[in-house]
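A.B. asks: Sharing upload.txt (compact mmCIF, C-alpha atoms) below.
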# COMPACT_ATOMS: atom_id res chain seq x y z
CA MET A 377 0.00 0.00 0.00
CA LYS A 378 1.47 3.35 -0.99
CA THR A 379 1.73 6.21 1.48
CA ASN A 380 -0.15 9.26 0.30
CA LEU A 381 -1.12 12.67 1.60
CA LEU A 382 -4.18 11.26 3.36
CA ASP A 383 -2.07 8.75 5.23
CA GLN A 384 0.35 11.50 6.23
CA ARG A 385 -2.49 13.69 7.48
CA SER A 386 -3.89 10.70 9.31
CA ALA A 387 -0.55 9.99 11.01
CA LEU A 388 -0.21 13.60 12.19
CA LEU A 389 -3.74 13.60 13.52
CA ARG A 390 -3.14 10.31 15.31
CA ASN A 391 -0.40 11.95 17.30
CA GLU A 392 -2.59 14.94 18.10
CA LEU A 393 -5.54 12.80 19.09
CA GLN A 394 -3.44 10.74 21.45
CA ALA A 395 -1.26 13.52 22.84
CA SER A 396 -3.59 16.45 23.46
CA THR A 397 -6.49 16.97 25.83
CA ASP A 398 -8.52 18.35 22.94
CA GLY A 399 -7.77 15.23 20.95
CA GLN A 400 -8.79 12.89 23.74
CA GLN A 401 -11.98 14.85 24.26
CA THR A 402 -12.80 14.76 20.56
CA LEU A 403 -12.33 11.00 20.49
CA MET A 404 -14.59 10.65 23.51
CA HIS A 405 -17.28 12.77 21.93
CA LEU A 406 -17.21 11.23 18.48
CA SER A 407 -16.14 7.63 18.85
CA ALA A 408 -16.07 6.46 22.49
CA GLY A 409 -17.42 2.98 23.00
CA ARG A 410 -17.17 2.02 19.35
CA PRO A 411 -15.70 -1.32 18.24
CA GLN A 412 -11.93 -1.50 18.40
CA THR A 413 -11.41 -3.29 15.12
CA ASP A 414 -13.17 -3.08 11.81
CA HIS A 415 -13.69 -6.83 11.95
CA GLU A 416 -16.20 -6.31 14.73
CA ILE A 417 -18.17 -3.79 12.74
CA LEU A 418 -21.58 -4.80 11.51
CA PRO A 419 -24.59 -2.68 10.63
CA VAL A 420 -25.74 0.07 12.88
CA TRP A 421 -27.92 -1.95 15.23
CA GLU A 422 -24.79 -3.77 16.35
CA GLN A 423 -23.29 -0.65 17.77
CA ALA A 424 -26.36 0.22 19.78
CA TRP A 425 -26.69 -3.08 21.52
CA PRO A 426 -24.03 -3.79 24.14
CA GLN A 427 -24.59 -0.49 25.87
CA THR A 428 -28.10 -0.22 27.19
CA TRP A 429 -30.01 2.94 26.55
CA GLU A 430 -29.29 4.26 30.05
CA GLN A 431 -25.60 3.47 29.90
CA ASN A 432 -25.40 5.04 26.51
CA TRP A 433 -27.01 8.26 27.57
CA GLU A 434 -26.96 8.76 31.27
CA GLN A 435 -23.77 7.12 32.44
CA THR A 436 -21.03 6.83 29.93
CA TRP A 437 -20.53 9.72 27.60
CA VAL A 438 -23.01 12.34 28.60
CA ALA A 439 -22.08 13.84 31.95
CA GLN A 440 -24.73 13.88 34.63
CA SER A 441 -24.62 17.65 34.91
CA TYR A 442 -25.16 17.97 31.19
CA MET A 443 -28.20 15.73 31.39
CA GLN A 444 -29.59 17.85 34.21
CA GLU A 445 -29.10 20.92 32.05
CA ARG A 446 -31.07 19.26 29.31
CA GLU A 447 -33.87 18.20 31.60
CA GLU A 448 -34.15 21.74 32.87
CA GLU A 449 -34.26 22.96 29.28
CA ASP A 450 -36.95 20.39 28.48
CA LEU A 451 -38.99 21.48 31.47
CA GLY A 452 -38.42 25.10 30.69
CA MET B 1295 -11.32 -20.33 4.17
CA ARG B 1296 -12.79 -19.62 7.61
CA VAL B 1297 -15.00 -16.66 8.35
CA HIS B 1298 -15.49 -15.15 11.79
CA ARG B 1299 -18.96 -14.07 12.84
CA PRO B 1300 -20.82 -14.18 9.53
CA LEU B 1301 -23.82 -11.98 8.89
CA VAL B 1302 -26.69 -14.13 7.62
CA VAL B 1303 -29.28 -11.95 5.88
CA LEU B 1304 -32.70 -13.59 5.63
CA GLN B 1305 -35.58 -12.33 3.53
CA PRO B 1306 -38.68 -13.41 5.47
CA THR B 1307 -40.87 -11.81 2.83
CA THR B 1308 -40.45 -9.83 -0.36
CA PHE B 1309 -43.26 -7.54 0.80
CA CYS B 1310 -42.95 -4.10 2.30
CA ASN B 1311 -45.87 -2.22 3.84
CA ILE B 1312 -44.56 1.09 2.48
CA ASN B 1313 -43.18 2.32 -0.83
CA CYS B 1314 -40.06 4.45 -0.38
CA SER B 1315 -39.05 6.39 -3.46
CA TYR B 1316 -35.44 5.18 -3.34
CA CYS B 1317 -36.15 1.51 -2.59
CA TYR B 1318 -34.16 -1.02 -4.62
CA LEU B 1319 -36.41 -4.02 -4.01
CA PRO B 1320 -38.40 -4.93 -7.14
CA GLU B 1321 -40.89 -7.30 -5.53
CA ARG B 1322 -41.96 -5.22 -2.56
CA SER B 1323 -45.61 -5.45 -3.57
CA ARG B 1324 -45.56 -9.24 -3.70
CA LYS B 1325 -46.15 -11.32 -0.62
CA LYS B 1326 -43.74 -14.21 -1.02
CA ARG B 1327 -42.95 -15.73 2.36
CA MET B 1328 -39.95 -17.76 3.49
CA SER B 1329 -40.92 -21.28 4.55
CA MET B 1330 -39.96 -22.81 7.88
CA ASP B 1331 -38.11 -25.52 5.95
CA ILE B 1332 -35.79 -22.82 4.62
CA VAL B 1333 -35.27 -21.41 8.13
CA ARG B 1334 -34.35 -24.89 9.39
CA ARG B 1335 -32.05 -25.65 6.47
CA VAL B 1336 -30.25 -22.31 6.76
CA SER B 1337 -29.80 -22.79 10.51
CA SER B 1338 -28.51 -26.35 10.15
CA GLU B 1339 -26.10 -25.38 7.42
CA VAL B 1340 -24.60 -22.31 9.07
CA PHE B 1341 -24.42 -23.83 12.57
CA SER B 1342 -22.82 -27.06 11.33
CA SER B 1343 -20.45 -25.50 8.81
CA SER B 1344 -16.71 -25.51 9.41
CA LEU B 1345 -16.52 -22.39 7.23
CA PHE B 1346 -17.58 -20.22 10.19
CA ASP B 1347 -16.53 -19.55 13.73
CA GLY B 1348 -17.85 -17.21 16.40
CA GLU B 1349 -21.51 -16.40 16.76
CA ILE B 1350 -23.82 -16.35 13.77
CA VAL B 1351 -25.62 -13.03 13.24
CA PHE B 1352 -29.07 -13.41 11.69
CA LEU B 1353 -30.57 -10.27 10.15
CA TRP B 1354 -34.17 -10.28 8.93
CA HIS B 1355 -34.25 -7.79 6.12
CA LEU B 1356 -34.81 -7.29 2.35
CA GLY B 1357 -38.53 -6.63 2.79
CA GLU B 1358 -40.32 -5.36 5.89
CA PRO B 1359 -39.71 -8.14 8.44
CA LEU B 1360 -42.61 -7.11 10.68
CA SER B 1361 -45.11 -7.49 7.85
CA VAL B 1362 -44.87 -11.23 8.45
CA PRO B 1363 -47.16 -12.55 11.22
CA ILE B 1364 -45.45 -12.67 14.59
CA GLU B 1365 -46.14 -16.41 14.80
CA PHE B 1366 -43.62 -16.94 12.00
CA TYR B 1367 -40.82 -15.59 14.20
CA GLU B 1368 -42.04 -17.40 17.31
CA GLU B 1369 -41.56 -20.64 15.40
CA ALA B 1370 -38.43 -19.53 13.51
CA PHE B 1371 -36.66 -18.35 16.68
CA THR B 1372 -37.57 -21.58 18.46
CA GLU B 1373 -36.16 -23.60 15.58
CA ILE B 1374 -32.97 -21.52 15.39
CA SER B 1375 -32.48 -21.91 19.14
CA ARG B 1376 -33.05 -25.67 19.00
CA ILE B 1377 -30.64 -26.18 16.11
CA SER B 1378 -27.98 -23.93 17.63
CA ARG B 1379 -28.01 -26.03 20.79
CA ALA B 1380 -27.51 -29.19 18.77
CA PHE B 1381 -24.28 -27.72 17.40
CA SER B 1382 -23.33 -25.73 20.55
CA ARG B 1383 -23.20 -22.50 18.61
CA ASP B 1384 -24.07 -18.95 19.65
CA TYR B 1385 -26.13 -16.58 17.59
CA VAL B 1386 -27.65 -13.12 17.48
CA LEU B 1387 -31.04 -12.13 16.04
CA SER B 1388 -31.78 -8.77 14.46
CA PHE B 1389 -34.44 -6.86 12.54
CA GLN B 1390 -33.93 -3.98 10.14
CA THR B 1391 -37.40 -2.45 10.18
CA ASN B 1392 -39.35 0.68 9.36
CA ALA B 1393 -40.89 0.31 12.86
CA ILE B 1394 -44.39 1.17 11.65
CA LEU B 1395 -45.96 -2.14 12.62
CA LEU B 1396 -44.39 -2.32 16.07
CA ASN B 1397 -46.84 -2.96 18.89
CA GLN B 1398 -46.64 -4.52 22.34
CA LYS B 1399 -46.66 -8.03 20.92
CA TRP B 1400 -43.60 -7.26 18.80
CA ILE B 1401 -41.94 -5.51 21.72
CA SER B 1402 -42.49 -8.60 23.82
CA LEU B 1403 -40.97 -10.83 21.12
CA ILE B 1404 -37.98 -8.51 20.77
CA HIS B 1405 -37.49 -8.51 24.53
CA ARG B 1406 -37.83 -12.24 24.99
CA HIS B 1407 -35.42 -13.11 22.18
CA ARG B 1408 -33.10 -10.14 22.71
CA VAL B 1409 -33.50 -9.14 19.09
CA ARG B 1410 -31.32 -6.23 18.02
CA VAL B 1411 -33.14 -3.56 16.13
CA GLY B 1412 -32.22 -1.15 13.37
CA VAL B 1413 -34.84 1.42 12.42
CA SER B 1414 -35.03 3.12 9.05
CA LEU B 1415 -35.72 6.79 9.71
CA ASP B 1416 -34.56 9.70 7.58
CA GLY B 1417 -34.76 12.56 10.10
CA PRO B 1418 -37.53 15.09 10.75
CA ALA B 1419 -40.92 14.70 9.08
CA PHE B 1420 -40.35 17.30 6.35
CA ILE B 1421 -37.36 15.25 5.14
CA HIS B 1422 -38.52 11.72 5.95
CA ASP B 1423 -41.99 12.12 4.45
CA ARG B 1424 -40.63 13.16 1.05
CA GLN B 1425 -39.29 9.65 0.50
CA ARG B 1426 -40.64 7.19 2.99
CA VAL B 1427 -44.28 7.02 1.97
CA THR B 1428 -47.20 4.62 1.78
CA ARG B 1429 -48.46 3.28 -1.53
CA SER B 1430 -50.96 6.12 -1.61
CA GLY B 1431 -48.12 8.62 -1.14
CA LYS B 1432 -48.75 9.55 2.48
CA GLY B 1433 -45.84 10.21 4.82
CA THR B 1434 -44.94 7.59 7.41
CA HIS B 1435 -43.02 9.70 9.91
CA ALA B 1436 -45.68 9.80 12.64
CA ALA B 1437 -46.16 6.04 12.48
CA VAL B 1438 -42.41 5.44 12.68
CA LEU B 1439 -42.15 7.70 15.71
CA ASN B 1440 -44.88 5.67 17.42
CA GLY B 1441 -42.72 2.60 16.92
CA VAL B 1442 -39.65 4.43 18.18
CA GLN B 1443 -41.51 5.49 21.32
CA LEU B 1444 -42.50 1.87 21.98
CA LEU B 1445 -38.86 0.78 21.69
CA LYS B 1446 -37.72 3.53 24.00
CA ALA B 1447 -40.48 2.88 26.54
CA ALA B 1448 -39.42 -0.77 26.62
CA ASN B 1449 -35.77 0.25 26.98
CA ILE B 1450 -34.80 -1.60 23.82
CA PRO B 1451 -31.65 -0.14 22.30
CA PHE B 1452 -31.68 0.49 18.59
CA GLY B 1453 -29.69 2.20 15.89
CA VAL B 1454 -31.02 4.22 13.00
CA ILE B 1455 -30.16 4.01 9.33
CA ALA B 1456 -30.98 7.27 7.59
CA VAL B 1457 -30.90 7.53 3.82
CA LEU B 1458 -29.60 10.91 2.73
CA THR B 1459 -30.84 12.55 -0.43
CA ASP B 1460 -29.60 15.80 -1.90
CA PHE B 1461 -32.57 17.54 -0.24
CA THR B 1462 -31.38 16.50 3.24
CA LEU B 1463 -28.06 18.27 2.73
CA ASP B 1464 -29.61 21.71 3.22
CA TYR B 1465 -30.75 20.84 6.72
CA PRO B 1466 -27.91 19.57 8.94
CA ASP B 1467 -29.18 21.42 12.03
CA GLU B 1468 -32.71 20.17 11.63
CA PHE B 1469 -31.45 16.65 10.93
CA PHE B 1470 -29.23 16.59 14.02
CA GLY B 1471 -31.78 18.40 16.15
CA PHE B 1472 -34.43 15.82 15.38
CA PHE B 1473 -32.33 12.88 16.54
CA TYR B 1474 -31.07 14.86 19.50
CA LYS B 1475 -34.56 15.80 20.60
CA HIS B 1476 -35.69 12.19 20.40
CA ARG B 1477 -32.52 10.93 22.08
CA ILE B 1478 -31.62 8.64 19.26
CA GLY B 1479 -27.89 8.23 19.69
CA GLU B 1480 -26.73 5.79 17.01
CA ILE B 1481 -27.00 6.89 13.42
CA GLY B 1482 -25.58 5.50 10.20
CA PHE B 1483 -26.09 6.96 6.75
CA ASN B 1484 -26.79 5.37 3.45
CA ILE B 1485 -26.99 7.59 0.42
CA ASP B 1486 -29.66 7.65 -2.21
CA GLU B 1487 -27.79 5.69 -4.88
CA LEU B 1488 -28.33 3.76 -8.07
CA GLU B 1489 -29.50 0.37 -6.85
CA GLY B 1490 -31.76 -2.33 -8.19
CA VAL B 1491 -34.95 -0.84 -9.58
CA HIS B 1492 -33.98 2.60 -8.24
CA ASN B 1493 -32.26 3.97 -11.32
CA PHE B 1494 -31.77 7.56 -10.24
CA THR B 1495 -29.59 9.26 -7.65
CA SER B 1496 -30.09 12.80 -6.39
CA PHE B 1497 -26.30 12.99 -5.91
CA SER B 1498 -25.45 12.95 -9.60
CA HIS B 1499 -25.08 16.73 -9.99
CA SER B 1500 -21.72 18.48 -10.05
CA ASN B 1501 -21.70 20.07 -6.59
CA ALA B 1502 -23.00 17.04 -4.69
CA VAL B 1503 -19.64 16.39 -3.05
CA GLN B 1504 -19.29 19.94 -1.76
CA ARG B 1505 -22.86 19.97 -0.49
CA TYR B 1506 -22.37 16.64 1.30
CA LYS B 1507 -19.14 17.87 2.89
CA ARG B 1508 -20.86 20.99 4.23
CA PHE B 1509 -23.67 18.91 5.64
CA LEU B 1510 -21.40 16.37 7.31
CA SER B 1511 -19.01 19.01 8.62
CA ARG B 1512 -21.86 20.68 10.45
CA LEU B 1513 -23.10 17.35 11.83
CA ILE B 1514 -19.65 16.53 13.21
CA GLU B 1515 -19.46 19.96 14.77
CA LEU B 1516 -22.84 19.43 16.42
CA ALA B 1517 -21.98 15.91 17.61
CA ASP B 1518 -18.76 17.20 19.16
CA LEU B 1519 -20.50 20.23 20.67
CA HIS B 1520 -23.15 18.02 22.23
CA LYS B 1521 -20.51 15.84 23.87
CA GLY B 1522 -21.10 12.70 21.87
CA ALA B 1523 -24.82 12.49 22.53
CA ILE B 1524 -25.10 11.26 18.95
CA LYS B 1525 -22.58 8.88 17.42
CA LEU B 1526 -22.33 8.98 13.65
CA ARG B 1527 -21.17 5.69 12.19
CA GLU B 1528 -19.47 7.35 9.24
CA VAL B 1529 -17.45 9.51 11.61
CA TRP B 1530 -16.36 7.04 14.27
CA ARG B 1531 -15.37 4.42 11.71
CA ASN B 1532 -12.92 6.84 10.15
CA LEU B 1533 -11.76 8.07 13.53
CA ARG B 1534 -10.99 4.49 14.47
CA THR B 1535 -8.88 4.13 11.36
CA ILE B 1536 -6.96 7.29 12.23
CA GLU B 1537 -6.59 6.44 15.90
CA LEU B 1538 -5.76 2.75 15.65
CA GLN B 1539 -4.28 2.58 12.17
CA SER B 1540 -6.44 -0.49 11.69
CA ASP B 1541 -6.36 -2.46 8.46
CA PRO B 1542 -9.02 -1.39 6.01
CA TYR B 1543 -11.92 -3.78 5.99
CA ASN B 1544 -15.21 -3.84 4.15
CA LEU B 1545 -17.22 -6.91 4.99
CA ALA B 1546 -19.37 -6.51 1.86
CA ASN B 1547 -16.47 -7.39 -0.42
CA LYS B 1548 -15.28 -10.44 1.53
CA PRO B 1549 -16.68 -13.78 0.38
CA LEU B 1550 -18.94 -15.53 2.91
CA ARG B 1551 -18.68 -12.63 5.38
CA ILE B 1552 -22.26 -11.86 4.42
CA LEU B 1553 -24.61 -14.65 3.34
CA ASN B 1554 -27.92 -13.75 1.77
CA PHE B 1555 -30.96 -16.03 1.62
CA ASP B 1556 -34.01 -14.86 -0.32
CA SER B 1557 -37.58 -15.90 0.49
CA GLU B 1558 -37.28 -18.92 -1.83
CA GLY B 1559 -34.02 -20.18 -0.36
CA ASN B 1560 -31.70 -18.91 -3.09
CA PHE B 1561 -28.39 -17.92 -1.58
CA SER B 1562 -25.51 -15.63 -2.44
CA THR B 1563 -22.66 -13.80 -0.80
CA PHE B 1564 -21.34 -10.22 -0.86
CA CYS B 1565 -23.81 -7.31 -0.68
CA PRO B 1566 -27.44 -8.10 0.25
CA GLU B 1567 -28.57 -5.60 -2.40
CA LEU B 1568 -27.54 -8.10 -5.08
CA VAL B 1569 -30.45 -10.32 -4.03
CA ALA B 1570 -32.70 -7.83 -5.81
CA ALA B 1571 -30.57 -7.62 -8.96
CA LYS B 1572 -31.19 -9.26 -12.30
CA SER B 1573 -28.32 -10.14 -14.59
CA SER B 1574 -28.03 -12.86 -17.21
CA LYS B 1575 -24.22 -12.57 -17.11
CA TYR B 1576 -24.17 -13.28 -13.36
CA GLY B 1577 -27.11 -15.71 -13.25
CA ASP B 1578 -29.21 -13.27 -11.19
CA PHE B 1579 -26.56 -13.74 -8.48
CA ILE B 1580 -28.04 -17.07 -7.42
CA MET B 1581 -25.19 -19.19 -6.07
CA GLY B 1582 -27.32 -22.09 -4.92
CA ASN B 1583 -30.60 -22.93 -3.20
CA ILE B 1584 -30.55 -24.07 0.38
CA LEU B 1585 -33.40 -26.54 -0.19
CA HIS B 1586 -31.26 -28.45 -2.70
CA ASP B 1587 -27.63 -27.45 -2.13
CA ASP B 1588 -25.19 -27.53 0.75
CA LEU B 1589 -23.75 -24.18 1.70
CA SER B 1590 -20.24 -25.48 1.07
CA SER B 1591 -21.16 -25.92 -2.61
CA LEU B 1592 -21.18 -22.12 -2.90
CA LEU B 1593 -17.40 -21.98 -3.27
CA ALA B 1594 -17.51 -24.18 -6.37
CA ASN B 1595 -20.54 -22.45 -7.86
CA PRO B 1596 -19.71 -20.84 -11.24
CA VAL B 1597 -21.69 -17.67 -10.45
CA PHE B 1598 -19.77 -17.26 -7.18
CA GLN B 1599 -16.47 -17.87 -8.92
CA LEU B 1600 -17.22 -15.33 -11.64
CA VAL B 1601 -18.35 -12.67 -9.15
CA HIS B 1602 -15.53 -13.40 -6.69
CA ASP B 1603 -12.90 -13.20 -9.41
CA GLU B 1604 -14.21 -9.82 -10.57
CA VAL B 1605 -14.61 -8.50 -7.03
CA GLU B 1606 -10.98 -9.37 -6.32
CA LYS B 1607 -9.86 -7.61 -9.50
CA GLY B 1608 -11.92 -4.59 -8.53
CA LEU B 1609 -10.35 -4.55 -5.07
CA ALA B 1610 -6.87 -4.73 -6.58
CA LEU B 1611 -7.76 -1.71 -8.71
CA CYS B 1612 -9.10 0.14 -5.66
CA LYS B 1613 -5.91 -0.57 -3.75
CA GLU B 1614 -3.70 0.48 -6.63
CA SER B 1615 -5.54 3.59 -7.74
CA CYS B 1616 -7.37 5.08 -4.76
CA ASP B 1617 -5.78 7.22 -2.06
CA TYR B 1618 -8.64 6.36 0.27
CA TRP B 1619 -7.85 2.64 0.37
CA SER B 1620 -6.47 2.73 3.89
CA PHE B 1621 -9.79 4.11 5.13
CA CYS B 1622 -12.13 2.12 2.96
CA GLY B 1623 -10.76 -1.30 2.09
CA GLY B 1624 -12.41 -1.28 -1.32
CA GLY B 1625 -15.72 -0.15 -2.74
CA GLU B 1626 -19.06 -1.88 -2.35
CA PRO B 1627 -19.50 -4.59 -5.00
CA SER B 1628 -23.19 -3.74 -5.37
CA SER B 1629 -22.42 -0.07 -6.09
CA LYS B 1630 -19.92 -1.14 -8.72
CA PHE B 1631 -22.42 -3.46 -10.34
CA PHE B 1632 -25.33 -1.03 -10.31
CA GLN B 1633 -23.24 1.80 -11.72
CA HIS B 1634 -20.91 -0.03 -14.09
CA GLY B 1635 -22.60 -3.41 -14.67
CA ARG B 1636 -19.49 -5.23 -13.44
CA PHE B 1637 -17.26 -5.68 -10.40
CA ASP B 1638 -13.75 -5.39 -11.81
CA VAL B 1639 -13.80 -1.60 -11.59
CA ALA B 1640 -12.79 0.85 -8.87
CA GLU B 1641 -14.48 4.17 -8.18
CA THR B 1642 -18.24 4.79 -8.04
CA THR B 1643 -20.44 7.78 -7.21
CA THR B 1644 -21.06 6.17 -3.83
CA CYS B 1645 -17.28 6.06 -3.25
CA LYS B 1646 -16.97 9.77 -4.02
CA ILE B 1647 -19.70 10.79 -1.61
CA HIS B 1648 -20.07 8.17 1.08
CA LYS B 1649 -16.40 7.18 1.41
CA GLN B 1650 -14.08 9.86 0.04
CA ALA B 1651 -15.99 13.02 0.96
CA THR B 1652 -16.60 11.56 4.42
CA VAL B 1653 -12.88 10.93 5.00
CA ASP B 1654 -12.02 14.42 3.71
CA THR B 1655 -14.56 16.00 6.02
CA VAL B 1656 -13.45 14.09 9.11
CA LEU B 1657 -9.79 14.95 8.45
CA ASP B 1658 -10.61 18.59 7.76
CA TYR B 1659 -12.63 18.85 10.96
CA LEU B 1660 -9.89 17.33 13.09
CA GLU B 1661 -7.22 19.52 11.50
CA ARG B 1662 -9.28 22.64 12.10
CA LYS B 1663 -9.82 21.66 15.69
CA LEU B 1664 -6.44 20.20 16.59
CA LYS B 1665 -4.30 22.18 14.14
CA PRO B 1666 -1.46 19.77 13.46
CA ASN B 1667 1.14 20.94 10.93
CA VAL B 1668 0.30 19.35 7.62
CA HIS B 1669 3.20 19.32 5.16
Represent the structure from my file as structure tokens, please.

C.D. replies:
Amino acid sequence: MKTNLLDQRSALLRNELQASTDGQQTLMHLSAGRPQTDHEILPVWEQAWPQTWEQNWEQTWVAQSYMQEREEEDLG
Amino acid sequence: MRVHRPLVVLQPTTFCNINCSYCYLPERSRKKRMSMDIVRRVSSEVFSSSLFDGEIVFLWHLGEPLSVPIEFYEEAFTEISRISRAFSRDYVLSFQTNAILLNQKWISLIHRHRVRVGVSLDGPAFIHDRQRVTRSGKGTHAAVLNGVQLLKAANIPFGVIAVLTDFTLDYPDEFFGFFYKHRIGEIGFNIDELEGVHNFTSFSHSNAVQRYKRFLSRLIELADLHKGAIKLREVWRNLRTIELQSDPYNLANKPLRILNFDSEGNFSTFCPELVAAKSSKYGDFIMGNILHDDLSSLLANPVFQLVHDEVEKGLALCKESCDYWSFCGGGEPSSKFFQHGRFDVAETTTCKIHKQATVDTVLDYLERKLKPNVH
């Protein structure tokens, strides 16, 4: 496989994602809890399953305080 | 050849209770039903086969699965369970459904058998109801939301597949806001593409790529801003590739990774969409019939060999010619066939939008946010 500009960009971003707080936070927001290898990936219902609805929303990625904010917004 | 965790796609019926404008299934008005003999034969073959290891994933799809009476699944699930025990194999059951026919009986079945659920839902009503309509042309959004509420009330996790059309691209905020409001956290996209009897794509115009990139860029921004409340499959898959440098992998172009069984027992491998395709060159993609043939005969089947040979050539071309290979692992065989009439080709319109523009947008977003020095 040849190395191209996309691969170079990808390598630079990998370092940033792993090294910086911003990078770690971005990973958490956009891909936390996803399968670790492509071989595990199946259609979208697969990704939803192992985490229950509550874990998915209330416990893992969305902070409790943020959920409270939302509930207040909903009530308001 | 040994395949880990195959996806077995079963067509319980050709029928669908609605008539989406982009649907690729030609027989969705006919009510052919899979027999229990086929269910038993498929189960025996996949559970006993040395071609597979790991759990077997059954997906009821290629027609609306819930338009079949619930008793069909009560019996089918019992049979699958019985046969799996005989071979000491694990399995997973799943529905890809429009959710319109969901009621408490279905919810109970889903609960009891731990069926995983994917719902087809294109976003807010003014988007969804343009495409996902009844045979009389009425929108189905309200009925789908009823089904979604039943799933949520029963605490059944589900993911959503949303088909994007060019129209959707003007409304990223509304699209995101809808799923956010309804707390639907797992979304994957398909794009409105040339497929089966659907011989038109709204993405064929010259600025489709730019419009898609704008749309996706805004969605990523919103997903990040809202702290991951919504996970976009197209985004996290590419992030995984960047983060873990994982090998590119597309299960749709690996033989036997997906096995498709139509309502009459005809079987094939590669993309499920090929079940709906007609082609004299490729023998309508029928690689055997489970009522008459063993699954292992598939590898010696001339249709399989012809398709496999071309798919491999197409993958070699992808790898050689496409900068996106390390993200994609090769284009979808069905997209290649429906656009070019063959598999030994590389790029398709779907590649340009769904794969390449997605990678570009994810990289651009990360670079804007993290600002690494790109040389």

A.B. asks: Report, in Å with one decimal, the straight-line distance from CA of Pro1320 in chain B to CA of Ser1337 in chain B.

C.D. replies: 26.5 Å

A.B. asks: What residues in chain B lie within 7 Å of chain A, counting only C-alpha atoms, written as number ranges by chain?

C.D. replies: B: 1410-1412, 1449, 1451-1455, 1480-1482, 1517-1518, 1521-1523, 1525, 1530, 1533, 1536-1537, 1540, 1543, 1617, 1664, 1666, 1668

A.B. asks: For CA of Leu1304 in chain B and CA of Glu1349 in chain B, quote the distance in Å rounded to one decimal.

C.D. replies: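 Computed distance, CA of Leu1304 in chain B to CA of Glu1349 in chain B, equals 16.0 Å.
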
A.B. asks: Can you list, as a ChimeraX atom specification, every protein, DNA or RNA residue that comes within 8 Å of Asn1583 in chain B when you count all atoms listed in the file, leaving out same-chain residues fewer than 2 positions away?

C.D. replies: /B:1558-1561,1580-1581,1585-1587

A.B. asks: Give me the residues near Ser1628 in chain B as a PyMOL selection string, where near means some atom within 7 Å (using all atoms listed in the file) and where sequence neighbours in that chain fewer than 5 positions away do not count.

C.D. replies: chain B and resi 1565+1567-1568

A.B. asks: Within 8 Å of range 1322-1334 of chain B, which residues of range 1372-1429 of chain B come that close, and what is the closest atom pair and distance in Å for each? Count only C-alpha atoms and give it as JSON lines.

C.D. replies:
{"residue": "B:Glu1373", "atom": "CA", "partner": "B:Arg1334", "partner_atom": "CA", "distance": 6.6}
{"residue": "B:Ile1374", "atom": "CA", "partner": "B:Arg1334", "partner_atom": "CA", "distance": 7.0}
{"residue": "B:Ile1377", "atom": "CA", "partner": "B:Arg1334", "partner_atom": "CA", "distance": 7.8}

A.B. asks: Go ahead and find all residues with at least one atom no further than 10 Å from (-45.4, 14.4, 8.9) in the file's coordinates, using only C-alpha atoms; report them as a ChimeraX atom specification.

C.D. replies: /B:1418-1424,1432-1437

A.B. asks: So what do you get for CA of Gly1417 in chain B versus CA of Gln1443 in chain B, distance-wise?

C.D. replies: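 If I compute the distance from CA of Gly1417 in chain B to CA of Gln1443 in chain B, I get 14.9 Å.
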
A.B. asks: Please determine, counting all atoms listed in the file, which residue among B:Leu1513, B:Ala1393, B:Leu1319, B:Leu1345 has the shortest atom-to-atom distance to Leu1589 in chain B.

C.D. replies: B:Leu1345

A.B. asks: Give me the residues within 9 Å of Gly1441 in chain B as an MDAnalysis selection string, counting only C-alpha atoms and dropping any in the same chain fewer than 2 places off.

C.D. replies: chainID B and resid 1392:1397 1436:1439 1443:1446

A.B. asks: Lys1649 in chain B: which residues within 10 Å, counting all atoms listed in the file, same-chain residues fewer than 5 positions away excluded, as number ranges by chain?

C.D. replies: B: 1528, 1532, 1618-1619, 1621-1622, 1624-1625, 1642-1644, 1654

A.B. asks: Find the residues around range 1496-1504 of chain B up to 12 Å (only C-alpha atoms counted), leave out those fewer than 6 positions away in its own chain, and share them as an NGL selection string.

C.D. replies: :B and (1315-1316 or 1425 or 1457-1464 or 1485-1488 or 1510-1511 or 1633 or 1642-1655)

A.B. asks: Mind writing the picked residues with C-alpha atoms as a compact mmCIF listing (two decimals), in the frame of the given file?

C.D. replies:
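Wrote it out as out_6.txt, contents follow:
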# COMPACT_ATOMS: atom_id res chain seq x y z
CA SER B 1315 -39.05 6.39 -3.46
CA TYR B 1316 -35.44 5.18 -3.34
CA GLN B 1425 -39.29 9.65 0.50
CA VAL B 1457 -30.90 7.53 3.82
CA LEU B 1458 -29.60 10.91 2.73
CA THR B 1459 -30.84 12.55 -0.43
CA ASP B 1460 -29.60 15.80 -1.90
CA PHE B 1461 -32.57 17.54 -0.24
CA THR B 1462 -31.38 16.50 3.24
CA LEU B 1463 -28.06 18.27 2.73
CA ASP B 1464 -29.61 21.71 3.22
CA ILE B 1485 -26.99 7.59 0.42
CA ASP B 1486 -29.66 7.65 -2.21
CA GLU B 1487 -27.79 5.69 -4.88
CA LEU B 1488 -28.33 3.76 -8.07
CA LEU B 1510 -21.40 16.37 7.31
CA SER B 1511 -19.01 19.01 8.62
CA GLN B 1633 -23.24 1.80 -11.72
CA THR B 1642 -18.24 4.79 -8.04
CA THR B 1643 -20.44 7.78 -7.21
CA THR B 1644 -21.06 6.17 -3.83
CA CYS B 1645 -17.28 6.06 -3.25
CA LYS B 1646 -16.97 9.77 -4.02
CA ILE B 1647 -19.70 10.79 -1.61
CA HIS B 1648 -20.07 8.17 1.08
CA LYS B 1649 -16.40 7.18 1.41
CA GLN B 1650 -14.08 9.86 0.04
CA ALA B 1651 -15.99 13.02 0.96
CA THR B 1652 -16.60 11.56 4.42
CA VAL B 1653 -12.88 10.93 5.00
CA ASP B 1654 -12.02 14.42 3.71
CA THR B 1655 -14.56 16.00 6.02
